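One file, query-v2.cif, carrying mmCIF, C-alpha atoms:
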```
data_final
#
loop_
_atom_site.label_atom_id
_atom_site.label_comp_id
_atom_site.auth_asym_id
_atom_site.auth_seq_id
_atom_site.Cartn_x
_atom_site.Cartn_y
_atom_site.Cartn_z
CA MET B 379 -31.51 24.05 -88.92
CA ASN B 380 -30.01 24.07 -92.40
CA THR B 381 -31.45 20.94 -94.01
CA GLU B 382 -29.55 21.56 -97.25
CA LYS B 383 -26.23 21.07 -95.45
CA LEU B 384 -27.67 18.13 -93.58
CA ASN B 385 -28.62 16.40 -96.80
CA ALA B 386 -25.31 17.41 -98.37
CA ILE B 387 -23.36 15.19 -95.96
CA LYS B 388 -25.70 12.27 -96.61
CA GLU B 389 -25.49 12.77 -100.37
CA ILE B 390 -21.72 13.10 -100.34
CA LYS B 391 -21.45 9.90 -98.32
CA ALA B 392 -23.75 8.11 -100.78
CA ALA B 393 -21.59 9.34 -103.70
CA LYS B 394 -18.45 8.27 -101.85
CA ASN B 395 -19.92 4.77 -101.33
CA GLU B 396 -20.66 4.49 -105.06
CA LEU B 397 -17.15 5.61 -105.95
CA GLN B 398 -15.71 3.07 -103.49
CA ASP B 399 -17.72 0.30 -105.15
CA LYS B 400 -16.47 1.45 -108.53
CA ALA B 401 -12.83 1.55 -107.33
CA SER B 402 -13.08 -2.01 -105.99
CA GLU B 403 -14.09 -3.23 -109.45
CA LEU B 404 -10.97 -1.75 -111.01
CA ASP B 405 -7.43 -3.09 -110.96
CA ALA B 406 -5.31 -1.90 -108.03
CA GLY B 407 -2.83 0.74 -109.15
CA SER B 408 -4.62 1.47 -112.45
CA ALA B 409 -4.82 5.10 -113.54
CA GLU B 410 -8.62 5.09 -113.49
CA ARG B 411 -8.74 3.65 -109.96
CA SER B 412 -6.17 6.19 -108.79
CA LYS B 413 -8.42 9.01 -110.07
CA ILE B 414 -11.41 7.57 -108.23
CA GLU B 415 -9.33 7.20 -105.04
CA THR B 416 -8.34 10.87 -105.32
CA ALA B 417 -12.02 11.80 -105.68
CA ILE B 418 -12.86 9.72 -102.56
CA GLY B 419 -10.15 11.53 -100.58
CA GLN B 420 -11.55 14.86 -101.78
CA LEU B 421 -15.08 13.91 -100.78
CA GLU B 422 -13.87 12.94 -97.30
CA GLY B 423 -12.28 16.39 -97.09
CA VAL B 424 -15.59 18.00 -98.11
CA ILE B 425 -17.38 16.04 -95.36
CA TRP B 426 -14.93 17.42 -92.80
CA ASP B 427 -15.41 20.92 -94.23
CA LEU B 428 -19.18 20.60 -93.80
CA VAL B 429 -18.84 19.23 -90.27
CA ASN B 430 -16.53 22.14 -89.42
CA GLU B 431 -18.95 24.63 -90.95
CA GLU B 432 -21.90 23.17 -89.05
CA LEU B 433 -19.96 23.28 -85.80
CA LYS B 434 -19.02 26.90 -86.46
CA ASP B 435 -22.72 27.69 -87.05
CA ILE B 436 -23.83 26.15 -83.77
CA VAL B 437 -21.02 27.78 -81.77
CA ASP B 438 -21.94 31.16 -83.36
CA GLN B 439 -25.59 30.62 -82.47
CA LEU B 440 -24.71 29.86 -78.86
CA LYS B 441 -22.03 32.50 -78.40
CA ASN B 442 -24.34 35.47 -77.65
CA GLU B 443 -26.31 33.65 -74.97
CA SER B 444 -23.19 32.06 -73.58
CA GLU B 445 -21.45 35.46 -73.30
CA SER B 446 -24.52 36.98 -71.61
CA LEU B 447 -24.65 34.06 -69.17
CA LYS B 448 -20.94 34.55 -68.47
CA THR B 449 -21.63 38.21 -67.62
CA LEU B 450 -24.52 37.13 -65.40
CA ALA B 451 -22.29 34.60 -63.62
CA GLY B 452 -19.82 37.44 -63.00
CA GLN B 453 -22.60 39.63 -61.59
CA ILE B 454 -23.63 36.84 -59.19
CA LYS B 455 -20.03 36.59 -57.97
CA GLN B 456 -19.95 40.36 -57.48
CA ALA B 457 -23.24 40.28 -55.54
CA HIS B 458 -21.78 37.60 -53.27
CA GLU B 459 -18.72 39.76 -52.64
CA ASP B 460 -20.89 42.85 -51.95
CA LEU B 461 -22.96 40.97 -49.38
CA GLU B 462 -19.82 39.73 -47.67
CA GLU B 463 -18.50 43.28 -47.64
CA PHE B 464 -21.58 44.53 -45.75
CA GLY B 465 -20.88 42.05 -42.94
CA GLU B 466 -17.29 43.25 -42.87
CA LYS B 467 -18.46 46.88 -42.51
CA VAL B 468 -20.60 45.98 -39.47
CA GLU B 469 -17.59 44.14 -38.06
CA LYS B 470 -15.52 47.29 -38.50
CA VAL B 471 -18.09 49.41 -36.59
CA ALA B 472 -18.15 46.83 -33.79
CA LYS B 473 -14.37 46.94 -33.55
CA ILE B 474 -14.43 50.77 -33.35
CA ILE B 475 -17.00 50.65 -30.53
CA SER B 476 -14.98 48.03 -28.61
CA GLY B 477 -11.92 50.21 -29.04
CA LEU B 478 -13.90 53.15 -27.71
CA VAL B 479 -15.07 51.11 -24.71
CA GLU B 480 -11.48 50.11 -23.96
CA MET B 481 -10.43 53.76 -24.18
CA VAL B 482 -13.20 54.86 -21.78
CA GLU B 483 -12.31 52.10 -19.33
CA ALA B 484 -8.66 53.09 -19.49
CA GLY B 485 -9.67 56.74 -19.01
CA ILE B 486 -11.76 55.89 -15.94
CA LYS B 487 -8.99 53.81 -14.44
CA ALA B 488 -6.52 56.66 -14.99
CA GLY B 489 -8.96 59.15 -13.47
CA ILE B 490 -9.20 61.20 -16.69
CA ILE B 491 -12.90 60.34 -17.08
CA LEU B 492 -15.00 60.59 -13.94
CA MET C 84 -45.28 54.40 -24.78
CA ASN C 85 -45.06 56.58 -27.86
CA GLN C 86 -41.53 55.36 -28.42
CA LEU C 87 -42.75 51.79 -28.19
CA LYS C 88 -45.38 52.51 -30.83
CA LEU C 89 -42.75 54.06 -33.05
CA LEU C 90 -40.51 51.03 -32.66
CA ILE C 91 -43.42 48.71 -33.40
CA ALA C 92 -44.19 50.73 -36.53
CA ILE C 93 -40.56 50.48 -37.69
CA ALA C 94 -40.47 46.76 -36.99
CA VAL C 95 -43.74 46.18 -38.85
CA ALA C 96 -42.44 48.19 -41.80
CA LEU C 97 -39.28 46.11 -41.79
CA ALA C 98 -41.24 42.90 -41.59
CA VAL C 99 -43.53 43.90 -44.44
CA THR C 100 -40.63 44.77 -46.73
CA GLY C 101 -39.05 41.53 -45.54
CA CYS C 102 -41.93 39.53 -47.05
CA SER C 103 -39.94 39.47 -50.25
CA THR C 104 -37.12 37.46 -48.68
CA LEU C 105 -36.69 33.83 -49.70
CA THR C 106 -37.56 31.03 -47.28
CA GLU C 107 -35.13 28.32 -46.18
CA SER C 108 -36.76 25.84 -48.53
CA GLN C 109 -36.48 28.27 -51.44
CA LEU C 110 -32.78 28.80 -50.71
CA LYS C 111 -32.33 25.03 -50.45
CA ALA C 112 -33.98 24.66 -53.86
CA VAL C 113 -31.38 27.06 -55.33
CA THR C 114 -28.54 25.09 -53.71
CA LYS C 115 -29.99 21.80 -54.96
CA TYR C 116 -30.34 23.19 -58.48
CA SER C 117 -26.74 24.41 -58.35
CA GLU C 118 -25.45 21.02 -57.18
CA SER C 119 -27.35 19.05 -59.81
CA VAL C 120 -26.21 21.32 -62.68
CA GLU C 121 -22.62 21.04 -61.43
CA LYS C 122 -22.96 17.25 -61.63
CA TYR C 123 -23.67 17.31 -65.38
CA SER C 124 -20.45 16.05 -66.85
CA GLU C 125 -21.44 15.44 -70.45
CA PHE C 126 -22.40 18.26 -72.73
CA PRO C 127 -23.16 18.38 -76.49
CA GLY C 128 -19.44 18.75 -77.19
CA VAL C 129 -18.87 15.19 -75.94
CA VAL C 130 -21.16 13.58 -78.51
CA VAL C 131 -19.62 15.76 -81.25
CA LYS C 132 -16.12 14.74 -80.17
CA ASN C 133 -17.09 11.05 -80.18
CA TYR C 134 -18.67 11.40 -83.62
CA ILE C 135 -15.54 13.07 -85.02
CA ASN C 136 -13.29 10.33 -83.66
CA LEU C 137 -15.55 7.59 -85.02
CA GLN C 138 -15.86 9.25 -88.43
CA HIS C 139 -12.08 9.57 -88.54
CA LYS C 140 -11.67 5.89 -87.66
CA ILE C 141 -13.99 4.94 -90.55
CA PHE C 142 -12.07 7.14 -92.97
CA VAL C 143 -8.75 5.69 -91.81
CA LYS C 144 -10.04 2.15 -92.37
CA GLY C 145 -11.34 3.19 -95.77
CA ASN C 146 -7.96 4.67 -96.56
CA SER C 147 -6.49 1.15 -96.57
CA LEU C 148 -8.65 0.45 -99.62
CA LYS C 149 -6.71 3.02 -101.61
CA SER C 150 -4.21 1.23 -103.83
CA ASP C 151 -2.29 4.37 -104.76
CA PRO C 152 0.14 5.01 -101.84
CA LYS C 153 0.57 8.69 -102.72
CA THR C 154 -3.18 9.38 -102.69
CA ALA C 155 -3.60 7.35 -99.48
CA SER C 156 -0.92 9.28 -97.57
CA GLU C 157 -1.85 12.71 -99.00
CA TYR C 158 -5.52 12.54 -98.04
CA LEU C 159 -4.90 10.91 -94.69
CA ALA C 160 -2.67 13.86 -93.73
CA LYS C 161 -5.05 16.51 -95.11
CA ASN C 162 -8.17 15.04 -93.57
CA THR C 163 -6.57 14.41 -90.19
CA GLU C 164 -5.84 18.13 -90.03
CA LYS C 165 -9.50 18.92 -90.79
CA LYS C 166 -10.58 16.40 -88.17
CA ASN C 167 -8.41 18.20 -85.59
CA ASP C 168 -10.04 21.54 -86.52
CA ALA C 169 -13.44 19.93 -85.87
CA LEU C 170 -12.25 18.66 -82.47
CA ALA C 171 -11.19 22.19 -81.51
CA LYS C 172 -14.67 23.44 -82.44
CA ALA C 173 -16.26 20.68 -80.35
CA LYS C 174 -14.30 22.03 -77.39
CA GLU C 175 -15.65 25.54 -78.08
CA LEU C 176 -19.14 24.06 -78.06
CA ASP C 177 -18.46 22.45 -74.69
CA ASP C 178 -17.07 25.69 -73.30
CA CYS C 179 -20.34 27.47 -74.20
CA PHE C 180 -22.21 24.96 -72.04
CA LYS C 181 -19.76 24.94 -69.16
CA ILE C 182 -20.81 28.57 -68.52
CA ILE C 183 -24.17 27.19 -67.33
CA GLN C 184 -22.24 25.32 -64.64
CA VAL C 185 -20.40 28.48 -63.56
CA TYR C 186 -23.72 30.36 -63.41
CA ALA C 187 -25.32 27.61 -61.30
CA LYS C 188 -22.28 27.30 -59.03
CA ASN C 189 -22.23 31.05 -58.28
CA LEU C 190 -25.98 31.02 -57.70
CA GLY C 191 -25.48 28.17 -55.20
CA THR C 192 -22.78 30.11 -53.33
CA LEU C 193 -25.11 33.10 -53.08
CA ALA C 194 -27.88 30.89 -51.67
CA LYS C 195 -25.89 28.89 -49.15
CA THR C 196 -23.56 31.53 -47.66
CA ASP C 197 -24.59 32.73 -44.20
CA TYR C 198 -23.96 36.44 -44.69
CA SER C 199 -25.46 37.35 -41.31
CA GLU C 200 -22.95 35.22 -39.37
CA LYS C 201 -20.42 38.06 -39.31
CA ILE C 202 -23.14 40.56 -38.35
CA SER C 203 -24.28 38.38 -35.40
CA GLU C 204 -20.73 38.09 -34.08
CA SER C 205 -20.05 41.82 -34.53
CA ALA C 206 -23.37 42.83 -32.99
CA GLU C 207 -22.57 40.73 -29.93
CA VAL C 208 -19.26 42.57 -29.51
CA LEU C 209 -21.08 45.87 -30.03
CA GLY C 210 -23.78 45.02 -27.45
CA ALA C 211 -21.26 43.83 -24.85
CA GLY C 212 -19.26 47.04 -25.33
CA LEU C 213 -22.32 49.23 -24.84
CA ASP C 214 -23.36 47.27 -21.73
CA THR C 215 -19.92 47.86 -20.22
CA LEU C 216 -20.30 51.59 -20.91
CA VAL C 217 -23.77 51.65 -19.35
CA VAL C 218 -22.49 49.90 -16.20
CA ARG C 219 -19.65 52.45 -15.98
CA TYR C 220 -22.03 55.35 -16.53
CA ASN C 221 -24.52 54.11 -13.93
CA LYS C 222 -21.83 53.74 -11.23
CA GLY C 223 -22.40 56.30 -8.52
CA LYS C 224 -25.55 57.69 -10.23
CA GLY C 225 -28.89 57.85 -8.49
CA ASP C 226 -31.58 55.41 -9.70
CA SER C 227 -33.39 58.20 -11.53
CA LYS C 228 -30.34 59.04 -13.59
CA LYS C 229 -29.36 55.48 -14.39
CA LEU C 230 -29.55 54.23 -17.96
CA PRO C 231 -31.57 51.06 -18.41
CA GLU C 232 -29.43 47.99 -18.19
CA GLY C 233 -29.65 45.69 -21.17
CA LEU C 234 -29.29 48.54 -23.67
CA GLY C 235 -26.38 46.69 -25.26
CA ALA C 236 -28.52 43.57 -25.63
CA LEU C 237 -31.19 45.64 -27.37
CA VAL C 238 -28.63 47.11 -29.74
CA HIS C 239 -27.26 43.60 -30.32
CA LYS C 240 -30.71 42.20 -31.12
CA SER C 241 -31.66 45.19 -33.26
CA VAL C 242 -28.47 45.11 -35.31
CA VAL C 243 -28.84 41.34 -35.83
CA PHE C 244 -32.51 41.67 -36.74
CA ILE C 245 -32.13 44.61 -39.09
CA GLY C 246 -28.84 43.35 -40.50
CA LYS C 247 -30.24 39.87 -41.16
CA ARG C 248 -33.32 41.30 -42.84
CA LYS C 249 -31.26 43.64 -44.96
CA MET C 250 -28.91 40.85 -46.04
CA ASN C 251 -31.72 38.38 -46.68
CA LYS C 252 -33.72 40.92 -48.62
CA GLU C 253 -30.75 41.90 -50.77
CA ARG C 254 -29.76 38.28 -51.31
CA SER C 255 -33.33 37.40 -52.24
CA ASN C 256 -33.55 40.26 -54.70
CA TYR C 257 -30.27 39.24 -56.30
CA ILE C 258 -31.29 35.57 -56.57
CA ARG C 259 -34.67 36.45 -58.08
CA THR C 260 -33.07 38.79 -60.62
CA PHE C 261 -30.32 36.34 -61.58
CA ILE C 262 -32.69 33.40 -61.95
CA ASN C 263 -35.06 35.48 -64.06
CA ASP C 264 -32.23 36.81 -66.21
CA GLY C 265 -30.78 33.34 -66.67
CA GLU C 266 -34.10 31.74 -67.65
CA ASP C 267 -34.26 32.84 -71.30
CA LEU C 268 -30.54 32.43 -71.88
CA ILE C 269 -30.44 28.84 -70.60
CA LYS C 270 -33.67 27.96 -72.39
CA LYS C 271 -32.41 29.32 -75.71
CA MET C 272 -28.99 27.66 -75.39
CA CYS C 273 -30.53 24.29 -74.55
CA MET C 274 -33.12 24.50 -77.31
CA VAL C 275 -30.57 25.48 -79.97
CA ALA C 276 -28.31 22.61 -78.84
CA LYS C 277 -31.21 20.17 -78.70
CA ASP C 278 -32.23 21.05 -82.25
CA PHE C 279 -28.60 20.58 -83.34
CA LEU C 280 -28.33 17.16 -81.67
CA GLU C 281 -31.67 15.94 -82.99
CA ASN C 282 -31.50 17.19 -86.55
CA LYS C 283 -27.85 17.58 -87.37
CA VAL C 284 -26.00 15.02 -85.24
CA GLN C 285 -28.64 12.29 -85.21
CA GLY C 286 -30.45 13.11 -88.47
CA GLY C 287 -27.39 13.83 -90.59
CA TRP C 288 -24.16 12.61 -89.08
CA ILE C 289 -24.97 9.45 -87.11
CA SER C 290 -27.73 8.12 -89.36
CA SER C 291 -25.37 7.96 -92.35
CA LEU C 292 -22.67 6.09 -90.43
CA ASN C 293 -24.34 2.68 -90.65
CA SER C 294 -24.56 2.67 -94.45
CA GLU C 295 -21.01 4.00 -94.63
CA VAL C 296 -19.66 1.21 -92.42
CA GLN C 297 -21.68 -1.36 -94.36
CA ASN C 298 -20.14 -0.14 -97.59
CA LEU C 299 -16.69 -0.13 -96.03
CA HIS C 300 -17.15 -3.72 -94.84
CA LYS C 301 -18.25 -4.91 -98.26
CA ASN C 302 -15.28 -3.29 -100.00
CA MET C 303 -12.78 -4.55 -97.43
CA ARG C 304 -14.09 -8.08 -98.09
CA ILE C 305 -13.82 -7.55 -101.86
CA GLN C 306 -10.25 -6.39 -101.37
CA LEU C 307 -9.43 -9.57 -99.44
CA VAL C 308 -10.99 -11.79 -102.08
CA ASN C 309 -9.08 -9.99 -104.84
CA GLU C 310 -5.79 -10.20 -102.97
CA ASN C 311 -6.38 -13.90 -102.29
CA ARG C 312 -7.18 -14.60 -105.89
CA GLU C 313 -4.12 -12.74 -107.10
CA LEU C 314 -1.87 -14.50 -104.63
CA LEU C 315 -3.14 -17.93 -105.57
CA TYR C 316 -2.91 -17.19 -109.26
CA ASN C 317 0.69 -16.03 -109.01
CA ASP C 318 1.73 -18.93 -106.81
CA THR C 319 0.05 -21.71 -108.78
CA ILE C 320 1.90 -20.59 -111.88
CA LYS C 321 5.22 -21.16 -110.10
CA LEU C 322 4.34 -24.17 -107.93
CA THR C 323 3.29 -27.73 -108.75
CA GLY C 324 1.95 -30.82 -106.94
CA SER C 325 2.09 -30.99 -103.15
CA GLU C 326 3.80 -27.59 -102.91
CA ALA C 327 0.87 -25.96 -104.67
CA ILE C 328 -1.67 -27.70 -102.40
CA LEU C 329 0.22 -26.60 -99.27
CA ASP C 330 0.41 -23.07 -100.58
CA ILE C 331 -3.33 -22.98 -101.31
CA ASP C 332 -4.05 -24.18 -97.76
CA THR C 333 -1.75 -21.56 -96.26
CA VAL C 334 -3.29 -18.76 -98.30
CA TYR C 335 -6.83 -19.86 -97.40
CA TYR C 336 -5.96 -20.05 -93.70
CA ALA C 337 -4.33 -16.60 -93.71
CA ASN C 338 -7.29 -15.20 -95.59
CA THR C 339 -9.80 -16.68 -93.15
CA MET C 340 -7.96 -15.01 -90.29
CA ALA C 341 -8.02 -11.72 -92.18
CA TYR C 342 -11.80 -12.03 -92.67
CA VAL C 343 -12.25 -12.63 -88.95
CA GLU C 344 -10.19 -9.56 -88.14
CA VAL C 345 -12.06 -7.38 -90.59
CA ASP C 346 -15.44 -8.58 -89.36
CA ALA C 347 -14.47 -8.04 -85.73
CA SER C 348 -13.22 -4.51 -86.38
CA ILE C 349 -16.39 -3.66 -88.32
CA ALA C 350 -18.53 -5.10 -85.49
CA ASP C 351 -16.67 -2.73 -83.12
CA LEU C 352 -17.60 0.18 -85.34
CA TYR C 353 -21.30 -0.79 -85.24
CA ASP C 354 -21.04 -0.95 -81.43
CA GLU C 355 -19.53 2.52 -81.38
CA ILE C 356 -22.32 3.87 -83.59
CA TYR C 357 -24.88 2.35 -81.23
CA ALA C 358 -23.14 3.87 -78.19
CA LEU C 359 -22.98 7.24 -79.93
CA GLU C 360 -26.71 7.16 -80.67
CA LYS C 361 -27.41 6.28 -77.05
CA LEU C 362 -25.21 9.10 -75.77
CA ASN C 363 -26.87 11.55 -78.13
CA ASN C 364 -30.35 10.57 -76.93
CA LYS C 365 -29.19 10.88 -73.32
CA LEU C 366 -27.83 14.37 -73.97
CA ILE C 367 -31.06 15.46 -75.66
CA LYS C 368 -32.90 14.40 -72.49
CA THR C 369 -30.30 16.14 -70.30
CA LEU C 370 -30.92 19.42 -72.15
CA ASP C 371 -34.67 19.06 -71.57
CA ASP C 372 -33.99 18.32 -67.89
CA MET C 373 -31.77 21.37 -67.54
CA VAL C 374 -34.49 23.69 -68.88
CA SER C 375 -37.12 22.02 -66.74
CA ALA C 376 -34.97 22.28 -63.57
CA HIS C 377 -34.44 26.01 -64.12
CA THR C 378 -38.12 26.65 -64.83
CA LYS C 379 -39.12 24.75 -61.67
CA LEU C 380 -36.60 26.74 -59.65
CA LYS C 381 -37.98 30.00 -61.05
CA LEU C 382 -41.52 28.98 -60.07
CA LYS C 383 -40.31 27.94 -56.61
CA ILE C 384 -38.65 31.28 -55.88
CA GLU C 385 -41.72 33.13 -57.12
CA GLU C 386 -43.80 31.50 -54.37
CA GLY C 387 -44.73 33.94 -51.58
CA LYS C 388 -43.15 33.68 -48.13
CA PRO C 389 -45.60 32.03 -45.68
CA ILE C 390 -47.05 34.72 -43.39
CA THR C 391 -46.50 32.45 -40.34
CA SER C 392 -42.73 32.64 -40.73
CA VAL C 393 -42.90 36.46 -41.03
CA ILE C 394 -45.05 36.67 -37.89
CA GLY C 395 -42.69 34.33 -36.02
CA GLU C 396 -39.61 36.40 -36.82
CA LEU C 397 -41.43 39.61 -35.95
CA ALA C 398 -42.79 38.27 -32.63
CA THR C 399 -39.34 37.30 -31.35
CA PHE C 400 -37.99 40.74 -32.07
CA MET C 401 -41.02 42.57 -30.68
CA SER C 402 -40.93 40.72 -27.35
CA SER C 403 -37.34 41.79 -26.69
CA VAL C 404 -38.18 45.39 -27.66
CA ALA C 405 -41.25 45.38 -25.42
CA GLU C 406 -39.23 44.08 -22.44
CA LEU C 407 -36.76 46.91 -22.74
CA MET C 408 -39.40 49.56 -23.25
CA GLU C 409 -41.22 48.38 -20.13
CA LEU C 410 -37.98 48.61 -18.20
CA HIS C 411 -37.39 52.10 -19.56
CA ASP C 412 -40.95 53.20 -18.72
CA SER C 413 -40.73 51.84 -15.16
CA LEU C 414 -37.52 53.79 -14.67
CA LYS C 415 -39.22 56.95 -15.97
CA GLU C 416 -42.16 56.47 -13.64
CA GLU C 417 -39.79 56.10 -10.70
CA GLU C 418 -38.00 59.29 -11.79
CA GLU C 419 -41.28 61.24 -11.89
CA GLU C 420 -42.33 59.88 -8.50
CA THR C 421 -38.98 61.02 -7.03
CA LYS C 422 -39.52 64.53 -8.47
CA GLU C 423 -42.99 64.74 -6.91
#
```

Serialized structure, structure tokens:
Amino acid sequence: MNTEKLNAIKEIKAAKNELQDKASELDAGSAERSKIETAIGQLEGVIWDLVNEELKDIVDQLKNESESLKTLAGQIKQAHEDLEEFGEKVEKVAKIISGLVEMVEAGIKAGIIL
Amino acid sequence: MNQLKLLIAIAVALAVTGCSTLTESQLKAVTKYSESVEKYSEFPGVVVKNYINLQHKIFVKGNSLKSDPKTASEYLAKNTEKKNDALAKAKELDDCFKIIQVYAKNLGTLAKTDYSEKISESAEVLGAGLDTLVVRYNKGKGDSKKLPEGLGALVHKSVVFIGKRKMNKERSNYIRTFINDGEDLIKKMCMVAKDFLENKVQGGWISSLNSEVQNLHKNMRIQLVNENRELLYNDTIKLTGSEAILDIDTVYYANTMAYVEVDASIADLYDEIYALEKLNNKLIKTLDDMVSAHTKLKLKIEEGKPITSVIGELATFMSSVAELMELHDSLKEEEEETKE
């Protein structure tokens, strides 16, 4: 884990708190206070940038494993379908044999098969 | 009897290879694992999403402290956009973890589906068909030339036995492979996420929220005091006597209500921070549980199949084979006696 980034958010928040204290001491609408308020807004933006960057890092770290697991989940689904298919093949053979039996019976009844 | 020996040898070979099939309790363990993973409804993305929303709420409250309207509106718009980007990334994080649920769900389907059901039904049709043919064939034939009755039943039993073993063996091999292959992936994903929740979310994001809210509270109070003072100063210049006293009372009352509102909204924020911390700790434990559940499942499926269950399955099959072979042999003996 990147501790530099971790401390960066804490430090930025501490700086933002100090600036907020300073702004409260100044007259509302004064030029100096307006500058400090702009700086506070910028620091909040930096905090969001860092949060976004940290989230991108963690998603990147997880992506490879997550993709491999997705492939594995697909293979499991395929295995399930293959096993079901085997049962269907046996069913097909059974149907062919029953058809054959019916044909023989019909042949016997018609006197074609003795 | 040589044919019987051959059949016994085939059956034993099948049974031995069948030792690698999973037992009912092992399959149940896979299903149980699948069901419990599917029940997990909160993943790391949830705590991230809650943090983002809380952080945004704090910034929005802090924005009211800005006296310059242009700065206040400009940064609120800019930062809300960045907050929305972060929410989209939190969803991506959740999506990574939802794959574990898909994996577990598919594994559960593989474990609980009765693949031999279709084979049993088909084999019954097959056996009945063959029996009909045997009856037809035997009609009008002398005893020596008759085919043994019950041939269809033997085929039925054999197809069911062999088919079931084949399906169970293949299913077992698949499950073993997929659980083994999933082990490292799930472990790594959970550990990476756990580290993120412990160090980044708790250590960096949440832990700095309390001091931030405290600072916000203090400055909101200062703002109220300043506004109050300014209001009173402006009014007392213009008003005199009873009008001034009434105005002071009104301003003080309004200000007291504002303090109550500010304090209550700040108290809500502290509650949200507490809830977020609790959720984060719960998720850290959930990740540990998920790894532990998978490891336990892996150990469970690695257990050998009890020899008693193998012998039981084999004995049932062998008795039906033996019955038919005896019938066949007795028919042969009769045939030889007739020849003599």

Segment 466-477 of chain B: which residues within 9 Å, counting all atoms listed in the file, same-chain residues fewer than 2 positions away excluded, as a PyMOL selection string?
(chain B and resi 461-464+479-482) or (chain C and resi 201-202+204-213+242+246)

With all atoms listed in the file as the basis for distance, which of C:Lys174, C:Lys132, C:Lys165, C:Lys181 is at the shortest distance from chain B?
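Between C:Lys174, C:Lys132, C:Lys165, C:Lys181, the residue approaching chain B most closely is C:Lys165.
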
Name the residues in contact with segment 433-449 of chain B at a cut-off of 8 Å, using all atoms listed in the file, excluding same-chain residues fewer than 5 positions from it; report them as a list in words.
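Contacts, in chain order: Ala169, Lys172, Ala173, Glu175, Leu176, Cys179, Phe180, Ile182, Ile183, Val185, Tyr186, Gly265, Leu268, Ile269, Lys271, Met272, Val275, Ala276 and Phe279 of chain C.
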
Once the PyMOL selection byres ((chain C and resi 145) around 12) has been evaluated on this model, what residues remain selected, and can you format them as a ChimeraX atom specification?
/B:394-395,397-399,401-402,415,418-419,422 /C:138-144,146-150,155,158-159,295-304,306,345,349

Pairwise distance, atom CA of Thr339 of chain C with atom CA of Glu326 of chain C, equals 20.0 Å

All file atoms of segment 111-115 of chain C boxed axis-aligned, 8 Å per side, centre plus edges, as AutoDock Vina command-line options:
```
--center_x -31.3 --center_y 24.4 --center_z -52.9 --size_x 21.4 --size_y 21.3 --size_z 20.9
```

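You will find atom CA of Val429 of chain B at 29.0 Å from atom CA of Glu410 of chain B.
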
Skipping near chain neighbours, those fewer than 3 positions away, what residues fall within 8 Å of Lys166 of chain C using all atoms listed in the file, listed as a ChimeraX atom specification?
/B:426 /C:135,139,162-163,169-170

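One distance worth recording is that between atom CA of Gly235 of chain C and atom CA of Asp460 of chain B, which is 27.5 Å.
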
Given only C-alpha atoms as the counted atoms, nearest of B:Gly465, B:Leu478, B:Ala417, B:Leu428 to chain C:
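The shortest atom-to-atom distance to chain C comes from B:Gly465.
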
Residues in the PyMOL selection byres ((chain C and resi 369) around 10), expressed as a PyMOL selection string:
chain C and resi 123+125-127+273+277+363-368+370-375

Option closest in space to chain B, from C:Tyr198, C:Tyr342, C:Tyr357, C:Tyr336 [counting all atoms listed in the file]
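For chain B, the nearest of the given residues is C:Tyr198.
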
May I ask which of the residues C:Lys224, C:Lys283, C:Arg248, C:Lys383 is the closest one to chain B, counting all atoms listed in the file?
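Answer, going by the shortest atom-to-atom distance: C:Lys283.
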